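Coordinates from query08.pdb are shown below (PDB, C-alpha atoms and all ligand atoms).
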```pdb
ATOM      1  CA  MET A 189       0.000   0.000   0.000
ATOM      2  CA  GLY A 190       1.346   3.446  -0.924
ATOM      3  CA  TYR A 191       1.486   6.210   1.640
ATOM      4  CA  LYS A 192       1.594   9.971   1.185
ATOM      5  CA  ASN A 193       3.390  11.064   4.340
ATOM      6  CA  ILE A 194       5.333   7.965   5.297
ATOM      7  CA  ILE A 195       8.200   6.132   3.579
ATOM      8  CA  LEU A 196       8.664   2.435   4.297
ATOM      9  CA  ASP A 197      11.881   0.546   3.741
ATOM     10  CA  GLU A 198      12.181  -3.119   4.660
ATOM     11  CA  LYS A 199      15.477  -4.977   4.641
ATOM     12  CA  ASP A 200      16.684  -8.098   6.461
ATOM     13  CA  GLY A 201      13.815  -8.098   8.950
ATOM     14  CA  ILE A 202      14.145  -4.388   9.784
ATOM     15  CA  LEU A 203      11.320  -2.054   8.788
ATOM     16  CA  THR A 204      12.251   1.623   8.752
ATOM     17  CA  ILE A 205       9.323   4.039   8.926
ATOM     18  CA  THR A 206      10.267   7.578   7.900
ATOM     19  CA  ILE A 207       7.792  10.347   8.693
ATOM     20  CA  ASN A 208       8.017  12.414   5.528
ATOM     21  CA  ARG A 209       6.571  15.946   5.646
ATOM     22  CA  PRO A 210       9.855  17.865   5.538
ATOM     23  CA  LYS A 211       8.252  21.219   4.628
ATOM     24  CA  VAL A 212       6.596  21.285   8.062
ATOM     25  CA  LEU A 213       9.450  19.507   9.871
ATOM     26  CA  ASN A 214       7.483  16.225   9.757
ATOM     27  CA  ALA A 215       4.583  17.557  11.839
ATOM     28  CA  LEU A 216       1.915  14.926  12.429
ATOM     29  CA  ASN A 217      -1.450  15.713  10.850
ATOM     30  CA  THR A 218      -4.469  13.393  10.923
ATOM     31  CA  ASP A 219      -3.566  11.765   7.601
ATOM     32  CA  THR A 220      -0.079  10.924   8.853
ATOM     33  CA  LEU A 221      -1.417   9.463  12.114
ATOM     34  CA  ASN A 222      -3.906   7.348  10.127
ATOM     35  CA  GLU A 223      -1.116   6.149   7.853
ATOM     36  CA  LEU A 224       1.051   5.306  10.855
ATOM     37  CA  GLU A 225      -1.810   3.348  12.396
ATOM     38  CA  ASN A 226      -2.241   1.298   9.204
ATOM     39  CA  VAL A 227       1.484   0.565   9.048
ATOM     40  CA  VAL A 228       1.575  -0.556  12.686
ATOM     41  CA  ARG A 229      -1.399  -2.902  12.135
ATOM     42  CA  ASP A 230       0.257  -4.371   9.030
ATOM     43  CA  ILE A 231       3.476  -5.009  10.979
ATOM     44  CA  GLU A 232       1.582  -7.114  13.515
ATOM     45  CA  ARG A 233       0.503  -9.441  10.675
ATOM     46  CA  ASP A 234       3.945  -9.609   9.012
ATOM     47  CA  LYS A 235       6.131 -12.366  10.440
ATOM     48  CA  GLU A 236       9.191 -11.196   8.462
ATOM     49  CA  ILE A 237       9.559  -7.923  10.376
ATOM     50  CA  MET A 238      11.674  -8.407  13.497
ATOM     51  CA  VAL A 239      12.513  -4.817  14.502
ATOM     52  CA  VAL A 240      11.006  -1.446  13.582
ATOM     53  CA  ILE A 241      12.897   1.851  13.328
ATOM     54  CA  ILE A 242      11.024   5.161  13.293
ATOM     55  CA  THR A 243      12.780   8.297  12.065
ATOM     56  CA  GLY A 244      12.061  11.632  10.365
ATOM     57  CA  SER A 245      13.009  12.779   6.876
ATOM     58  CA  GLY A 246      15.617  15.479   6.334
ATOM     59  CA  GLU A 247      18.510  16.634   8.443
ATOM     60  CA  LYS A 248      16.694  18.902  10.850
ATOM     61  CA  SER A 249      13.697  17.261  12.412
ATOM     62  CA  PHE A 250      12.424  13.950  13.718
ATOM     63  CA  VAL A 251       8.864  15.227  14.268
ATOM     64  CA  ALA A 252       8.123  18.842  15.282
ATOM     65  CA  GLY A 253       4.840  17.873  16.958
ATOM     66  CA  ALA A 254       1.222  17.727  15.977
ATOM     67  CA  ASP A 255       0.357  19.877  12.966
ATOM     68  CA  ILE A 256      -0.442  23.286  14.459
ATOM     69  CA  ALA A 257      -2.009  24.621  11.236
ATOM     70  CA  GLU A 258      -4.471  21.719  11.194
ATOM     71  CA  MET A 259      -5.146  21.955  14.937
ATOM     72  CA  LYS A 260      -5.927  25.651  14.909
ATOM     73  CA  SER A 261      -9.217  25.195  13.042
ATOM     74  CA  LEU A 262     -10.506  22.217  15.075
ATOM     75  CA  ASN A 263     -13.446  22.560  17.459
ATOM     76  CA  ILE A 264     -13.379  21.008  20.933
ATOM     77  CA  HIS A 265     -14.919  17.704  19.762
ATOM     78  CA  GLU A 266     -12.422  17.407  16.921
ATOM     79  CA  GLY A 267      -9.681  18.288  19.407
ATOM     80  CA  ARG A 268     -10.737  15.356  21.584
ATOM     81  CA  ASN A 269     -10.773  13.028  18.546
ATOM     82  CA  MET A 270      -7.313  14.250  17.637
ATOM     83  CA  THR A 271      -5.808  13.489  21.035
ATOM     84  CA  ARG A 272      -7.510  10.082  21.150
ATOM     85  CA  LEU A 273      -6.230   9.178  17.670
ATOM     86  CA  GLY A 274      -2.632  10.086  18.520
ATOM     87  CA  GLN A 275      -2.835   8.337  21.890
ATOM     88  CA  CYS A 276      -4.238   5.154  20.288
ATOM     89  CA  VAL A 277      -1.588   5.044  17.552
ATOM     90  CA  PHE A 278       1.215   5.611  20.048
ATOM     91  CA  GLN A 279      -0.163   2.925  22.367
ATOM     92  CA  GLU A 280      -0.264   0.521  19.434
ATOM     93  CA  ILE A 281       3.404   1.339  18.811
ATOM     94  CA  GLU A 282       4.224   0.813  22.486
ATOM     95  CA  ASN A 283       2.363  -2.514  22.544
ATOM     96  CA  LEU A 284       3.661  -3.796  19.197
ATOM     97  CA  SER A 285       5.033  -7.329  19.541
ATOM     98  CA  ARG A 286       8.310  -6.252  17.892
ATOM     99  CA  PRO A 287      10.890  -3.863  19.392
ATOM    100  CA  VAL A 288      10.580  -0.317  18.083
ATOM    101  CA  ILE A 289      13.588   2.023  18.026
ATOM    102  CA  ALA A 290      13.279   5.787  17.557
ATOM    103  CA  ALA A 291      16.207   7.179  15.543
ATOM    104  CA  VAL A 292      15.850  10.828  16.546
ATOM    105  CA  ASN A 293      17.534  12.877  13.837
ATOM    106  CA  GLY A 294      16.589  16.391  15.002
ATOM    107  CA  TYR A 295      13.678  18.183  16.687
ATOM    108  CA  ALA A 296      11.465  15.860  18.713
ATOM    109  CA  LEU A 297       8.951  18.349  20.054
ATOM    110  CA  GLY A 298       5.419  17.922  21.389
ATOM    111  CA  GLY A 299       3.940  14.940  19.546
ATOM    112  CA  GLY A 300       7.464  14.170  18.272
ATOM    113  CA  CYS A 301       8.868  13.763  21.769
ATOM    114  CA  GLU A 302       5.731  11.753  22.596
ATOM    115  CA  LEU A 303       6.259   9.501  19.567
ATOM    116  CA  ALA A 304       9.866   8.862  20.586
ATOM    117  CA  MET A 305       8.746   8.072  24.142
ATOM    118  CA  ALA A 306       6.235   5.502  22.858
ATOM    119  CA  CYS A 307       9.119   3.599  21.232
ATOM    120  CA  ASP A 308      11.040   0.992  23.220
ATOM    121  CA  ILE A 309      14.485   2.528  22.713
ATOM    122  CA  ARG A 310      15.573   6.058  21.728
ATOM    123  CA  ILE A 311      18.833   6.670  19.870
ATOM    124  CA  ALA A 312      19.519  10.317  19.099
ATOM    125  CA  SER A 313      21.811  12.386  16.937
ATOM    126  CA  GLU A 314      23.967  14.766  18.956
ATOM    127  CA  LYS A 315      21.951  17.533  17.240
ATOM    128  CA  ALA A 316      18.559  16.259  18.430
ATOM    129  CA  LYS A 317      16.441  18.475  20.656
ATOM    130  CA  PHE A 318      13.529  17.362  22.789
ATOM    131  CA  GLY A 319      10.702  19.251  24.425
ATOM    132  CA  GLN A 320       7.024  19.626  25.173
ATOM    133  CA  PRO A 321       6.128  23.159  23.949
ATOM    134  CA  GLU A 322       2.343  22.688  24.161
ATOM    135  CA  VAL A 323       1.523  25.042  27.054
ATOM    136  CA  GLY A 324       2.974  27.842  24.931
ATOM    137  CA  LEU A 325       0.154  27.093  22.470
ATOM    138  CA  GLY A 326      -2.491  27.052  25.205
ATOM    139  CA  ILE A 327      -2.856  23.256  25.281
ATOM    140  CA  ILE A 328      -1.199  20.433  27.194
ATOM    141  CA  PRO A 329       0.758  17.502  25.745
ATOM    142  CA  GLY A 330      -1.947  15.255  24.311
ATOM    143  CA  TYR A 331      -0.225  12.202  22.861
ATOM    144  CA  GLY A 332       0.856  10.712  26.180
ATOM    145  CA  GLY A 333       3.478  13.297  27.196
ATOM    146  CA  THR A 334       2.053  14.039  30.645
ATOM    147  CA  GLN A 335       2.187  10.300  31.376
ATOM    148  CA  ARG A 336       5.302   8.945  29.660
ATOM    149  CA  LEU A 337       7.645  11.879  30.408
ATOM    150  CA  PRO A 338       7.327  11.604  34.228
ATOM    151  CA  ARG A 339       7.700   7.835  33.968
ATOM    152  CA  LEU A 340      11.012   8.326  32.138
ATOM    153  CA  ILE A 341      12.550  11.345  33.884
ATOM    154  CA  GLY A 342      10.561  11.697  37.131
ATOM    155  CA  LYS A 343       7.577  13.828  38.121
ATOM    156  CA  GLY A 344       9.410  17.012  39.141
ATOM    157  CA  ARG A 345      11.584  17.264  36.059
ATOM    158  CA  ALA A 346       8.665  16.388  33.775
ATOM    159  CA  LYS A 347       6.650  19.257  35.241
ATOM    160  CA  TYR A 348       9.642  21.587  34.902
ATOM    161  CA  TYR A 349       9.994  20.874  31.177
ATOM    162  CA  ILE A 350       6.246  20.840  30.475
ATOM    163  CA  PHE A 351       5.602  24.122  32.368
ATOM    164  CA  THR A 352       8.644  26.011  31.031
ATOM    165  CA  THR A 353       8.704  24.386  27.541
ATOM    166  CA  ASP A 354      12.515  24.517  27.748
ATOM    167  CA  MET A 355      14.176  22.422  25.062
ATOM    168  CA  ILE A 356      16.391  19.523  26.134
ATOM    169  CA  THR A 357      19.641  18.812  24.284
ATOM    170  CA  ALA A 358      20.568  15.236  23.348
ATOM    171  CA  GLU A 359      23.275  15.185  26.011
ATOM    172  CA  GLU A 360      20.872  16.421  28.706
ATOM    173  CA  ALA A 361      18.227  13.957  27.513
ATOM    174  CA  PHE A 362      20.726  11.122  27.838
ATOM    175  CA  ASN A 363      21.810  12.236  31.301
ATOM    176  CA  MET A 364      18.217  12.303  32.564
ATOM    177  CA  GLY A 365      17.227   8.937  31.034
ATOM    178  CA  LEU A 366      14.942  10.340  28.355
ATOM    179  CA  ILE A 367      17.054   8.701  25.643
ATOM    180  CA  ASP A 368      19.352   5.703  25.617
ATOM    181  CA  LYS A 369      22.295   6.658  23.389
ATOM    182  CA  VAL A 370      23.698   9.748  21.655
ATOM    183  CA  VAL A 371      25.630   9.243  18.403
ATOM    184  CA  PRO A 372      27.299  11.522  15.833
ATOM    185  CA  HIS A 373      24.682  13.069  13.545
ATOM    186  CA  GLY A 374      25.998  11.441  10.337
ATOM    187  CA  LYS A 375      26.098   8.010  11.960
ATOM    188  CA  LEU A 376      22.602   7.937  13.446
ATOM    189  CA  TYR A 377      21.034   5.472  11.016
ATOM    190  CA  GLU A 378      24.126   3.251  10.844
ATOM    191  CA  GLU A 379      24.328   3.058  14.649
ATOM    192  CA  THR A 380      20.586   2.415  14.957
ATOM    193  CA  LEU A 381      20.831  -0.396  12.402
ATOM    194  CA  LYS A 382      23.629  -1.993  14.433
ATOM    195  CA  ILE A 383      21.388  -2.003  17.502
ATOM    196  CA  ALA A 384      18.486  -3.457  15.473
ATOM    197  CA  GLU A 385      20.778  -6.204  14.115
ATOM    198  CA  LYS A 386      22.022  -7.011  17.596
ATOM    199  CA  ILE A 387      18.431  -7.435  18.817
ATOM    200  CA  ILE A 388      17.564  -9.622  15.803
ATOM    201  CA  SER A 389      20.420 -11.989  16.692
ATOM    202  CA  LYS A 390      18.729 -12.758  20.049
ATOM    203  CA  GLY A 391      15.766 -15.046  20.717
ATOM    204  CA  PRO A 392      12.685 -13.286  19.303
ATOM    205  CA  ILE A 393      10.248 -14.888  21.738
ATOM    206  CA  ALA A 394      12.524 -13.923  24.630
ATOM    207  CA  VAL A 395      12.790 -10.319  23.390
ATOM    208  CA  ARG A 396       8.997 -10.183  22.992
ATOM    209  CA  MET A 397       8.358 -11.588  26.469
ATOM    210  CA  ALA A 398      10.913  -9.177  27.958
ATOM    211  CA  LYS A 399       9.103  -6.266  26.279
ATOM    212  CA  TYR A 400       5.728  -7.404  27.660
ATOM    213  CA  ALA A 401       7.179  -7.985  31.137
ATOM    214  CA  VAL A 402       8.742  -4.505  31.309
ATOM    215  CA  ASN A 403       5.779  -2.687  29.737
ATOM    216  CA  ASN A 404       3.029  -4.414  31.676
ATOM    217  CA  GLY A 405       5.035  -4.709  34.894
ATOM    218  CA  MET A 406       5.559  -0.924  34.962
ATOM    219  CA  ASN A 407       1.776  -0.533  35.318
ATOM    220  CA  MET A 408       1.552  -2.949  38.266
ATOM    221  CA  ASP A 409       2.658  -3.063  41.888
ATOM    222  CA  LEU A 410       5.947  -4.939  42.392
ATOM    223  CA  ALA A 411       4.413  -8.235  43.564
ATOM    224  CA  SER A 412       2.033  -8.362  40.563
ATOM    225  CA  GLY A 413       4.877  -7.418  38.213
ATOM    226  CA  ILE A 414       7.061 -10.199  39.629
ATOM    227  CA  ALA A 415       4.209 -12.687  39.125
ATOM    228  CA  TYR A 416       3.735 -11.417  35.562
ATOM    229  CA  GLU A 417       7.469 -11.844  34.938
ATOM    230  CA  ALA A 418       7.250 -15.495  36.053
ATOM    231  CA  GLU A 419       4.541 -16.148  33.441
ATOM    232  CA  ALA A 420       6.468 -14.369  30.668
ATOM    233  CA  TYR A 421       9.626 -16.256  31.707
ATOM    234  CA  THR A 422       7.737 -19.553  31.570
ATOM    235  CA  THR A 423       6.506 -18.759  28.054
ATOM    236  CA  SER A 424      10.090 -18.148  26.917
ATOM    237  CA  PHE A 425      11.174 -21.317  28.748
ATOM    238  CA  GLY A 426       8.653 -23.394  26.798
ATOM    239  CA  SER A 427      10.051 -22.329  23.418
ATOM    240  CA  GLU A 428      12.203 -24.361  21.027
ATOM    241  CA  ASP A 429      14.385 -21.268  20.895
ATOM    242  CA  ARG A 430      15.266 -21.747  24.577
ATOM    243  CA  ILE A 431      16.653 -25.240  23.798
ATOM    244  CA  GLU A 432      18.513 -23.780  20.798
ATOM    245  CA  GLY A 433      19.935 -20.815  22.753
ATOM    246  CA  MET A 434      21.216 -22.962  25.605
ATOM    247  CA  SER A 435      22.555 -25.681  23.252
ATOM    248  CA  ALA A 436      24.358 -23.064  21.162
ATOM    249  CA  PHE A 437      26.002 -21.632  24.292
ATOM    250  CA  LEU A 438      27.202 -25.048  25.461
ATOM    251  CA  GLU A 439      28.362 -26.037  21.952
ATOM    252  CA  LYS A 440      30.157 -22.666  21.563
ATOM    253  CA  ARG A 441      28.313 -21.734  18.371
ATOM    254  CA  LYS A 442      25.950 -18.973  17.231
ATOM    255  CA  ALA A 443      22.297 -19.701  18.009
ATOM    256  CA  ASP A 444      19.903 -20.193  15.096
ATOM    257  CA  PHE A 445      16.614 -18.938  16.535
ATOM    258  CA  LYS A 446      13.392 -19.817  14.713
ATOM    259  CA  ASP A 447      10.796 -17.804  16.695
ATOM    260  CA  GLU A 448       9.236 -21.071  17.813
TER
HETATM  261  N1  LIG A 501       2.960  22.145  12.874
HETATM  262  C1  LIG A 501       2.823  22.746  11.684
HETATM  263  N2  LIG A 501       3.827  23.334  11.029
HETATM  264  C2  LIG A 501       5.049  23.328  11.613
HETATM  265  C3  LIG A 501       5.260  22.722  12.850
HETATM  266  C4  LIG A 501       4.151  22.096  13.497
HETATM  267  N3  LIG A 501       4.262  21.469  14.674
HETATM  268  N4  LIG A 501       6.559  22.869  13.188
HETATM  269  C5  LIG A 501       7.130  23.544  12.177
HETATM  270  N5  LIG A 501       6.213  23.825  11.234
HETATM  271  C6  LIG A 501       6.427  24.535   9.976
HETATM  272  C7  LIG A 501       6.604  26.027  10.213
HETATM  273  O1  LIG A 501       5.346  26.676  10.323
HETATM  274  C8  LIG A 501       7.372  26.425   8.966
HETATM  275  O2  LIG A 501       6.462  26.541   7.900
HETATM  276  P1  LIG A 501       6.662  27.744   6.808
HETATM  277  O3  LIG A 501       7.973  27.404   6.133
HETATM  278  O4  LIG A 501       5.473  27.576   5.920
HETATM  279  O5  LIG A 501       6.717  28.991   7.578
HETATM  280  C9  LIG A 501       8.255  25.217   8.691
HETATM  281  O6  LIG A 501       7.668  24.130   9.409
HETATM  282  C10 LIG A 501       9.661  25.379   9.194
HETATM  283  O7  LIG A 501       9.606  25.755  10.554
HETATM  284  P2  LIG A 501      10.345  27.051  11.163
HETATM  285  O8  LIG A 501      10.494  28.088  10.136
HETATM  286  O9  LIG A 501       9.626  27.421  12.422
HETATM  287  O10 LIG A 501      11.787  26.420  11.487
HETATM  288  P3  LIG A 501      12.805  26.902  12.600
HETATM  289  O11 LIG A 501      14.075  26.187  12.309
HETATM  290  O12 LIG A 501      12.839  28.373  12.697
HETATM  291  O13 LIG A 501      12.199  26.347  13.997
HETATM  292  C11 LIG A 501      11.146  24.723  15.414
HETATM  293  C12 LIG A 501      12.087  24.973  14.208
HETATM  294  C13 LIG A 501      11.798  25.216  16.705
HETATM  295  C14 LIG A 501      10.932  23.205  15.501
HETATM  296  C15 LIG A 501       9.818  25.463  15.185
HETATM  297  O14 LIG A 501       9.330  25.130  13.893
HETATM  298  C16 LIG A 501       8.747  25.131  16.168
HETATM  299  O15 LIG A 501       8.762  25.622  17.279
HETATM  300  N6  LIG A 501       7.765  24.296  15.753
HETATM  301  C17 LIG A 501       6.602  23.979  16.556
HETATM  302  C18 LIG A 501       6.959  23.019  17.653
HETATM  303  C19 LIG A 501       5.730  22.778  18.528
HETATM  304  O16 LIG A 501       5.192  23.684  19.153
HETATM  305  N7  LIG A 501       5.299  21.498  18.605
HETATM  306  C20 LIG A 501       4.190  21.104  19.405
HETATM  307  C21 LIG A 501       2.965  21.015  18.565
HETATM  308  S1  LIG A 501       1.539  20.745  19.543
HETATM  309  C22 LIG A 501       1.503  19.110  19.900
HETATM  310  O17 LIG A 501       2.378  18.339  19.498
HETATM  311  C23 LIG A 501       0.282  18.678  20.670
HETATM  312  C24 LIG A 501       0.242  17.298  21.165
HETATM  313  O18 LIG A 501       0.981  16.878  22.057
HETATM  314  C25 LIG A 501      -0.794  16.445  20.709
END
```
Once more with this new file: its structure as structure tokens, please.
Amino acid sequence: MGYKNIILDEKDGILTITINRPKVLNALNTDTLNELENVVRDIERDKEIMVVIITGSGEKSFVAGADIAEMKSLNIHEGRNMTRLGQCVFQEIENLSRPVIAAVNGYALGGGCELAMACDIRIASEKAKFGQPEVGLGIIPGYGGTQRLPRLIGKGRAKYYIFTTDMITAEEAFNMGLIDKVVPHGKLYEETLKIAEKIISKGPIAVRMAKYAVNNGMNMDLASGIAYEAEAYTTSFGSEDRIEGMSAFLEKRKADFKDE
């Protein structure tokens, strides 16, 4: 299926999704969110895709937020639909059964920062800048920012950055746990691919169960999370891949995982 605002590139089990509206710094309008939702649903049905990378087109911006020009003319009901659409798409990304890596190539503001936070791992160019500028527009972050930012950097700091709208450099973002790695700008995609390849070389069922255990456990009290981990562990333990992984270790060879 062809898309207007998204470029898809699939190679060796890695699907790269590029948000492609460079004239508006890849701002997310309704069409783009709908396209993203379709792509995410297709990925769930495609057994070949092992890891997903999300990035933005051009040198300057990952995603500069929701599309302000589109938002300006919406009434309150349309505004609610807009926030619900973005929240749903980002939750589908967060819950996708494959790991999703954000390759943040520039501005990740508002909905862009929220998109990156919905991904499992965030790798950023040294030039990337993060922030939640919404209160400067008279709204609050509406694609999960008030919820995911405090979970990543703590309640106090999240409020500081949401209230002041101060931008966060890549180095600061790394130091506060908002992102996981900073790399030279020209090497962002190459470095992200290396991380994707490393994940692909591991047991896919184990990676999937680890993702579920972390994601779902974070929404539970510790005892419930520990119990959930035991179930996810048991699922990985019942896989053929567990026999293969342990045999490969003992036989000093590379494991050949089959996702079974
Ligand atoms: N929506 C629509 N258009 C946008 C946009 C956005 N979020 N961000 C940038 N653009 C457009 C600009 O209007 C401009 O268009 P023209 O060339 O037609 O004037 C073009 O992209 C280039 O932008 P700038 O000229 O502003 O580029 P700059 O280098 O001077 O500044 C920037 C870059 C700091 C990212 C600045 O563009 C900016 O502040 N953008 C808005 C960021 C923002 O407020 N994002 C939050 C949106 S609200 C949101 O996301 C709500 C939510 O949580 C659901």
Might I get the box with edges along x, y and z of the file that holds all atoms of ligand LIG 501 (chain A) listed there, padded by 8 Å on every side, given as centre and edge lengths in Å to one decimal, as JSON?
```
{"center_x": 6.6, "center_y": 22.7, "center_z": 14.0, "size_x": 30.9, "size_y": 28.5, "size_z": 32.1}
```
Restrict the calculation to all atoms listed in the file, then for each residue of chain A with any atom at most 10 Å from an atom of ligand LIG 501 (chain A) give the closest atom pair and their distance in Å to one decimal, rows by chain and rising residue number, as a Markdown table.
```
| residue | atom | partner | partner_atom | distance |
| --- | --- | --- | --- | --- |
| A:Arg209 | CA | A:LIG501 | O6 | 9.1 |
| A:Pro210 | CA | A:LIG501 | O6 | 7.7 |
| A:Lys211 | CA | A:LIG501 | O6 | 5.6 |
| A:Val212 | CA | A:LIG501 | O6 | 3.3 |
| A:Leu213 | CA | A:LIG501 | O6 | 5.0 |
| A:Asn214 | CA | A:LIG501 | C3 | 7.5 |
| A:Ala215 | CA | A:LIG501 | N3 | 4.8 |
| A:Leu216 | CA | A:LIG501 | N3 | 7.3 |
| A:Asn217 | CA | A:LIG501 | N1 | 8.1 |
| A:Lys248 | CA | A:LIG501 | O11 | 7.9 |
| A:Ser249 | CA | A:LIG501 | C14 | 7.2 |
| A:Phe250 | CA | A:LIG501 | C14 | 9.5 |
| A:Val251 | CA | A:LIG501 | N3 | 7.8 |
| A:Ala252 | CA | A:LIG501 | N3 | 4.7 |
| A:Gly253 | CA | A:LIG501 | O17 | 3.6 |
| A:Ala254 | CA | A:LIG501 | O17 | 3.8 |
| A:Asp255 | CA | A:LIG501 | N1 | 3.5 |
| A:Ile256 | CA | A:LIG501 | N1 | 3.9 |
| A:Ala257 | CA | A:LIG501 | C1 | 5.2 |
| A:Glu258 | CA | A:LIG501 | C1 | 7.4 |
| A:Met259 | CA | A:LIG501 | S1 | 8.2 |
| A:Lys260 | CA | A:LIG501 | C1 | 9.8 |
| A:Gly267 | CA | A:LIG501 | C25 | 9.2 |
| A:Met270 | CA | A:LIG501 | C25 | 7.5 |
| A:Thr271 | CA | A:LIG501 | C25 | 5.8 |
| A:Arg272 | CA | A:LIG501 | C25 | 9.3 |
| A:Leu273 | CA | A:LIG501 | C25 | 9.6 |
| A:Gly274 | CA | A:LIG501 | C25 | 7.0 |
| A:Gln275 | CA | A:LIG501 | C25 | 8.4 |
| A:Gly294 | CA | A:LIG501 | C14 | 8.9 |
| A:Tyr295 | CA | A:LIG501 | C14 | 5.8 |
| A:Ala296 | CA | A:LIG501 | C14 | 8.0 |
| A:Leu297 | CA | A:LIG501 | N7 | 5.0 |
| A:Gly298 | CA | A:LIG501 | O17 | 3.6 |
| A:Gly299 | CA | A:LIG501 | O17 | 3.7 |
| A:Gly300 | CA | A:LIG501 | O17 | 6.7 |
| A:Cys301 | CA | A:LIG501 | O17 | 8.3 |
| A:Glu302 | CA | A:LIG501 | O18 | 7.0 |
| A:Leu303 | CA | A:LIG501 | O18 | 9.4 |
| A:Lys317 | CA | A:LIG501 | C14 | 8.9 |
| A:Phe318 | CA | A:LIG501 | C14 | 9.7 |
| A:Gly319 | CA | A:LIG501 | N7 | 8.3 |
| A:Gln320 | CA | A:LIG501 | C20 | 6.6 |
| A:Pro321 | CA | A:LIG501 | O16 | 4.9 |
| A:Glu322 | CA | A:LIG501 | S1 | 5.1 |
| A:Val323 | CA | A:LIG501 | S1 | 8.7 |
| A:Gly324 | CA | A:LIG501 | O16 | 7.5 |
| A:Leu325 | CA | A:LIG501 | O16 | 6.9 |
| A:Gly326 | CA | A:LIG501 | S1 | 9.4 |
| A:Ile327 | CA | A:LIG501 | C23 | 7.2 |
| A:Ile328 | CA | A:LIG501 | O18 | 6.6 |
| A:Pro329 | CA | A:LIG501 | O18 | 3.7 |
| A:Gly330 | CA | A:LIG501 | C25 | 4.0 |
| A:Tyr331 | CA | A:LIG501 | C25 | 4.8 |
| A:Gly332 | CA | A:LIG501 | O18 | 7.4 |
| A:Gly333 | CA | A:LIG501 | O18 | 6.7 |
| A:Thr334 | CA | A:LIG501 | O18 | 9.1 |
| A:Thr353 | CA | A:LIG501 | O16 | 9.1 |
| A:Met355 | CA | A:LIG501 | C13 | 9.1 |
```
| said: When you look at Pro338 of chain A with a cut-off of 12 Å (counting only C-alpha atoms), what residues show up, excluding the ones that are within fewer than 3 positions of it in the same chain? I need them as a PyMOL selection string. | reply: chain A and resi 302+305+332-335+341-350+364-366
With a cut-off of 8 Å, could you pull out the residues of segment 284-357 of chain A touching segment 393-404 of chain A and give me the nearest pair of atoms for each, distance in Å to one decimal, using all atoms listed in the file, ordered by chain and ascending number, as a Markdown table?
```
| residue | atom | partner | partner_atom | distance |
| --- | --- | --- | --- | --- |
| A:Ser285 | CA | A:Arg396 | CA | 6.0 |
| A:Arg286 | CA | A:Arg396 | CA | 6.5 |
| A:Pro287 | CA | A:Lys399 | CA | 7.5 |
```
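The residues returned by the PyMOL selection byres (((chain A and resi 197-204) around 7) and not hetatm) for this structure are A:Ile195, A:Leu196, A:Ile205, A:Thr206, A:Glu236, A:Ile237, A:Met238, A:Val239, A:Val240, A:Ile241, A:Ile242.
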| task | Quick one: everything within 12 Å of Ile383 of chain A, counting only C-alpha atoms, minus sequence neighbours fewer than 6 positions away in the same chain. Send it as a PyMOL selection string. | result | chain A and resi 202+239-241+287-291+309-311+368-369+376-377+389-390
| query | Mind pulling up the distance from atom CA of Val277 of chain A to atom CA of Glu314 of chain A? | reply |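 Atom CA of Val277 of chain A lies at a distance of 27.4 Å from atom CA of Glu314 of chain A.
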| query | Exactly which residues make up the result of the PyMOL selection byres (((chain A and resi 432) around 12) and not hetatm) on this file, given as a ChimeraX atom specification? | reply | /A:390-391,424-431,433-448
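Rounded to one decimal, atom CA of Arg229 of chain A and atom CA of Gly405 of chain A lie 23.7 Å from each other.
Coordinates place atom CA of Lys386 of chain A at a distance of 28.3 Å from atom CA of Glu223 of chain A.
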